[in-house]
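*Asks:* Encoded as structure tokens, here's the structure I'll be asking about.
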Amino acid sequence: MINRKSSLFQELTEQELKAILMESLGPGEMEPPRLLEGGLFNTTYLVSRTDPPGKYVLRMGPVNRHLVLPYERKLMQAEQEACRLLALHGIPTSRVVACDTSRRVIDRDYMLVEYIPSVPILDDSVPEGEKDHLYEQVGRYAAKMHEIAGPAFGRLADVADGKGYSTWYDFLQAETDQLEQASQPYGLFPEGETRQMMEILGKYRALWEEVQQPCFVHMDLWDGNLLVQPRPDGDGFQLAAVIDGDRALYGDPDYDFLSLYISREAFFRGAGWEKPDPGNLSKKAMIYQMLLAASETYILKVEYNNPEASLQNREKVRDLIRKL
């Protein structure tokens, strides 16, 4: 089902699609682009070109850009940089064909990547008996990602523009402050909970001072971003790509593990990391989950028009604040 509830989703006209594809691919014969499911932040199309042949995924950035969080304004640039870094270090990911944030062709950012014949790891076509070795492989790649060192802390696009932070603590404080400012008009945290979150960051400052090296952190490692495909010899499945690195940053590798977006034991085994116990989380894990839930509170309500899910995340924030 195509999701049209999001305030950021908007289909393109036939003329807009033609203009973008002509700019990105040049003249050629192609089938009518097909709108793909999802479309919460980006509006996505499958593009099949017959002459010269090729298959691509077109991702259109959001409309109503005034609604997005500050770091989300550069997600296309971040995705391009993430793809470059992952490919450079031998981690399978999307290959970018075109990325345009000039808004010269249309008043939206867009990106065109090569289509990868694959399915998400959670697809019913992937036998359960195959999944442990696939998740273990993802874990090994996650550990490899975390070996990619950055020159400063911060979101990929900002660091590439020389706007990173000298400490991990400074980055966490800055993003929480930005979230507070963005949330104020919507009354999402009326009891000053974002200010309490910043106080908690200061209370546990010693944890952040332990993070000395900025490392590549994907920040969105969940099953839907893990693509798999049958092996060439037909014997089972293999990992095809880790995608959607647009929210990646240079920071603490623990963020990828403590978020618990992936809970499969094989993933942690592959990464060489002990799986966190959801019933006995460390203070660091609780704080990271608090920050993620706070961000989701805003995104789900303001951007995606899902007040019920937003409220669930806000209650999680409140609960974690009480425990911290």
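Labels for the structure tokens follow display order: chains A, B, ..., residues from 1 in each chain, ligands from 1.
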Skipping near chain neighbours, those fewer than 5 positions away, what residues fall within 10 Å of region 82-93 of chain A using only C-alpha atoms, listed as a PyMOL selection string?

*Replies:* chain A and resi 76-77+116+138+140-142+144-145+147-148+156-157+216-218+226-227+239-249

*Asks:* Can you tell me, as a PyMOL selection string, what residues are no more than 12 Å from Glu31 (chain A) when counting only C-alpha atoms, ignoring any on the same chain fewer than 6 positions away?

*Replies:* chain A and resi 17-18+21+45-56

*Asks:* Mind writing the picked residues with N, CA and C atoms as an mmCIF file, in the first residue's frame?

*Replies:*
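Result went into part_18.cif, see below:
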```cif
data_model
loop_
_atom_site.group_PDB
_atom_site.id
_atom_site.type_symbol
_atom_site.label_atom_id
_atom_site.label_comp_id
_atom_site.auth_asym_id
_atom_site.auth_seq_id
_atom_site.Cartn_x
_atom_site.Cartn_y
_atom_site.Cartn_z
ATOM 1 N N LEU A 17 8.662 13.823 -13.990
ATOM 2 C CA LEU A 17 9.432 12.585 -14.104
ATOM 3 C C LEU A 17 10.293 12.590 -15.364
ATOM 4 N N LYS A 18 9.717 12.990 -16.473
ATOM 5 C CA LYS A 18 10.462 13.024 -17.733
ATOM 6 C C LYS A 18 11.647 13.975 -17.642
ATOM 7 N N LEU A 21 14.458 12.385 -15.412
ATOM 8 C CA LEU A 21 15.132 11.243 -16.026
ATOM 9 C C LEU A 21 15.945 11.668 -17.249
ATOM 10 N N TYR A 45 10.295 5.780 -6.872
ATOM 11 C CA TYR A 45 9.822 5.177 -8.112
ATOM 12 C C TYR A 45 10.818 4.131 -8.613
ATOM 13 N N LEU A 46 10.279 3.109 -9.271
ATOM 14 C CA LEU A 46 11.104 2.150 -10.007
ATOM 15 C C LEU A 46 11.111 2.569 -11.472
ATOM 16 N N VAL A 47 12.304 2.718 -12.015
ATOM 17 C CA VAL A 47 12.473 3.185 -13.387
ATOM 18 C C VAL A 47 13.104 2.065 -14.207
ATOM 19 N N SER A 48 12.409 1.633 -15.267
ATOM 20 C CA SER A 48 12.922 0.573 -16.149
ATOM 21 C C SER A 48 13.167 1.154 -17.531
ATOM 22 N N ARG A 49 14.420 1.148 -17.937
ATOM 23 C CA ARG A 49 14.819 1.721 -19.229
ATOM 24 C C ARG A 49 15.081 0.577 -20.202
ATOM 25 N N THR A 50 14.527 0.685 -21.379
ATOM 26 C CA THR A 50 14.656 -0.395 -22.360
ATOM 27 C C THR A 50 15.745 -0.147 -23.389
ATOM 28 N N ASP A 51 16.042 1.117 -23.674
ATOM 29 C CA ASP A 51 17.067 1.425 -24.679
ATOM 30 C C ASP A 51 17.715 2.770 -24.361
ATOM 31 N N PRO A 52 18.978 2.761 -23.899
ATOM 32 C CA PRO A 52 19.759 1.582 -23.501
ATOM 33 C C PRO A 52 19.189 0.971 -22.217
ATOM 34 N N PRO A 53 19.359 -0.342 -22.053
ATOM 35 C CA PRO A 53 18.713 -1.026 -20.931
ATOM 36 C C PRO A 53 19.309 -0.633 -19.578
ATOM 37 N N GLY A 54 18.466 -0.613 -18.578
ATOM 38 C CA GLY A 54 18.903 -0.314 -17.216
ATOM 39 C C GLY A 54 17.700 -0.229 -16.293
ATOM 40 N N LYS A 55 17.929 -0.476 -15.032
ATOM 41 C CA LYS A 55 16.850 -0.437 -14.046
ATOM 42 C C LYS A 55 17.345 0.363 -12.848
ATOM 43 N N TYR A 56 16.522 1.304 -12.376
ATOM 44 C CA TYR A 56 16.961 2.246 -11.356
ATOM 45 C C TYR A 56 15.851 2.493 -10.336
#
```

*Asks:* Could you tell me, as an MDAnalysis selection string, which residues of region 36-211 of chain A DSSP assigns to helix (DSSP H, G or I) when given the backbone?

*Replies:* chainID A and resid 65:67 70:88 128:145 156:160 168:186 193:203 205:209

*Asks:* Tell me which of A:Leu35, A:Val228, A:Leu291, A:Cys215 sits closest to Pro127 (chain A), counting only C-alpha atoms.

*Replies:*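 Of A:Leu35, A:Val228, A:Leu291, A:Cys215, the one nearest Pro127 (chain A), counting only C-alpha atoms, is A:Val228.
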
*Asks:* Could you give me, as a Markdown table, every region 21-85 of chain A residue with an atom at most 10 Å from region 177-190 of chain A, plus its closest atom pair and distance in Å to one decimal, counting only C-alpha atoms, rows ordered by chain then number?

*Replies:*
```
| residue | atom | partner | partner_atom | distance |
| --- | --- | --- | --- | --- |
| A:His66 | CA | A:Ala182 | CA | 9.9 |
| A:Leu67 | CA | A:Ala182 | CA | 8.5 |
| A:Val68 | CA | A:Ala182 | CA | 8.6 |
| A:Leu69 | CA | A:Ala182 | CA | 6.8 |
| A:Pro70 | CA | A:Gln178 | CA | 7.1 |
| A:Tyr71 | CA | A:Gln178 | CA | 9.1 |
```

*Asks:* In terms of the shortest atom-to-atom distance over only C-alpha atoms, which of A:Leu172, A:Glu11, A:Leu134, A:Ala143 is closest to Leu36 (chain A)?

*Replies:*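 Under the stated criterion, the closest residue is A:Glu11.
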
*Asks:* As a VMD selection string, which residues of region 24-96 of chain A does DSSP assign to strand (DSSP E or B)?

*Replies:* chain A and resid 29 to 30 34 to 35 38 43 to 51 53 to 60 96

*Asks:* Identify, on the basis of only C-alpha atoms, every residue whose closest approach to Gly139 (chain A) does not exceed 10 Å; exclude the query and any residue fewer than 5 positions from it along the same chain; express the result as a list in words.

*Replies:*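 The contact residues come out as His133, Leu134, Lys144, Met145, Phe257, Ile262, Arg264, Glu265, Ala266, Phe267, Phe268, Arg269, Gly270, Ala271, Gly272 and Trp273 of chain A.
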
*Asks:* Quick one: of A:Tyr250, A:Tyr135, A:Tyr169, A:Phe41, who's nearest to Arg205 (chain A), counting only C-alpha atoms?

*Replies:* A:Tyr169

*Asks:* Mind giving me the straight-line distance from CA of Phe153 (chain A) to CA of Tyr165 (chain A) in Å, one decimal?

*Replies:*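 Between these atoms lies a distance of 4.9 Å.
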
*Asks:* List the neighbours of Leu201 (chain A) out to 10 Å using only C-alpha atoms; skip same-chain residues closer than 6 positions along the sequence, and give me the result as a list in words.

*Replies:*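 Listed by chain and then number, they are Tyr169, Asp170, Leu172, Gln173, Thr176, Arg195, Leu207, Trp208, Lys284, Ile287, Tyr288 and Leu291 of chain A.
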
*Asks:* Would you mind listing what lies within 12 Å of Asn64 (chain A) as number ranges by chain, with only C-alpha atoms counted and same-chain residues fewer than 6 positions away left out?

*Replies:* A: 6-10, 41-42, 73, 107-108, 302-304

*Asks:* Go through A:Lys301, A:Arg59, A:Lys323, A:Arg104 and flag the residue nearest Leu12 (chain A), using only C-alpha atoms for the distances.

*Replies:*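 That would be A:Arg59, the residue with the smallest distance to Leu12 (chain A).
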
*Asks:* Ranking A:Trp222, A:Gly150, A:Gln15, A:Thr297 by minimum distance to Leu311 (chain A) and counting only C-alpha atoms, which one comes first?

*Replies:*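 The shortest atom-to-atom distance to Leu311 (chain A) comes from A:Thr297.
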
*Asks:* Find the residues near Ala98 (chain A): any atom within 12 Å, counting only C-alpha atoms, skip ones fewer than 2 places away on the same chain, and give them as number ranges by chain.

*Replies:* A: 20-26, 56-60, 76-77, 79-80, 94-96, 100-101, 109-114

*Asks:* For C-alpha atoms, I'd like the residues from the last selection saved as a PDB file, in the first residue's frame.

*Replies:*
```
ATOM      1  CA  ILE A  20      14.382  14.414 -14.079  1.00  0.00           C
ATOM      2  CA  LEU A  21      15.132  11.243 -16.026  1.00  0.00           C
ATOM      3  CA  MET A  22      16.258  13.181 -19.087  1.00  0.00           C
ATOM      4  CA  GLU A  23      18.608  15.225 -16.891  1.00  0.00           C
ATOM      5  CA  SER A  24      19.956  12.145 -15.093  1.00  0.00           C
ATOM      6  CA  LEU A  25      20.067   9.515 -17.859  1.00  0.00           C
ATOM      7  CA  GLY A  26      19.796  11.381 -21.129  1.00  0.00           C
ATOM      8  CA  TYR A  56      16.961   2.246 -11.356  1.00  0.00           C
ATOM      9  CA  VAL A  57      15.309   3.510  -8.193  1.00  0.00           C
ATOM     10  CA  LEU A  58      14.440   7.210  -8.117  1.00  0.00           C
ATOM     11  CA  ARG A  59      14.135   8.749  -4.644  1.00  0.00           C
ATOM     12  CA  MET A  60      12.500  12.158  -4.449  1.00  0.00           C
ATOM     13  CA  MET A  76      20.461  13.207   0.042  1.00  0.00           C
ATOM     14  CA  GLN A  77      24.001  14.537   0.444  1.00  0.00           C
ATOM     15  CA  GLU A  79      23.199   9.211   1.509  1.00  0.00           C
ATOM     16  CA  GLN A  80      25.608   9.922  -1.341  1.00  0.00           C
ATOM     17  CA  SER A  94      23.567   1.215  -3.434  1.00  0.00           C
ATOM     18  CA  ARG A  95      25.459   2.642  -6.419  1.00  0.00           C
ATOM     19  CA  VAL A  96      24.496   6.279  -6.982  1.00  0.00           C
ATOM     20  CA  ASP A 100      20.861  16.598  -7.451  1.00  0.00           C
ATOM     21  CA  THR A 101      20.235  18.997  -4.584  1.00  0.00           C
ATOM     22  CA  ASP A 109      16.235  16.990  -3.985  1.00  0.00           C
ATOM     23  CA  TYR A 110      16.465  13.668  -5.813  1.00  0.00           C
ATOM     24  CA  MET A 111      18.720  10.679  -6.186  1.00  0.00           C
ATOM     25  CA  LEU A 112      18.896   7.911  -8.755  1.00  0.00           C
ATOM     26  CA  VAL A 113      20.532   4.594  -7.803  1.00  0.00           C
ATOM     27  CA  GLU A 114      20.973   1.345  -9.665  1.00  0.00           C
TER      28      GLU A 114
END
```

*Asks:* In Å, rounded to a single decimal, give me how far CA of Phe171 (chain A) is from CA of Pro278 (chain A).

*Replies:*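 Spanning CA of Pro278 (chain A) to CA of Phe171 (chain A) is a straight-line distance of 25.9 Å.
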
*Asks:* One number please: CA of Lys74 (chain A) to CA of Leu221 (chain A), in Å, one decimal.

*Replies:* 19.3 Å
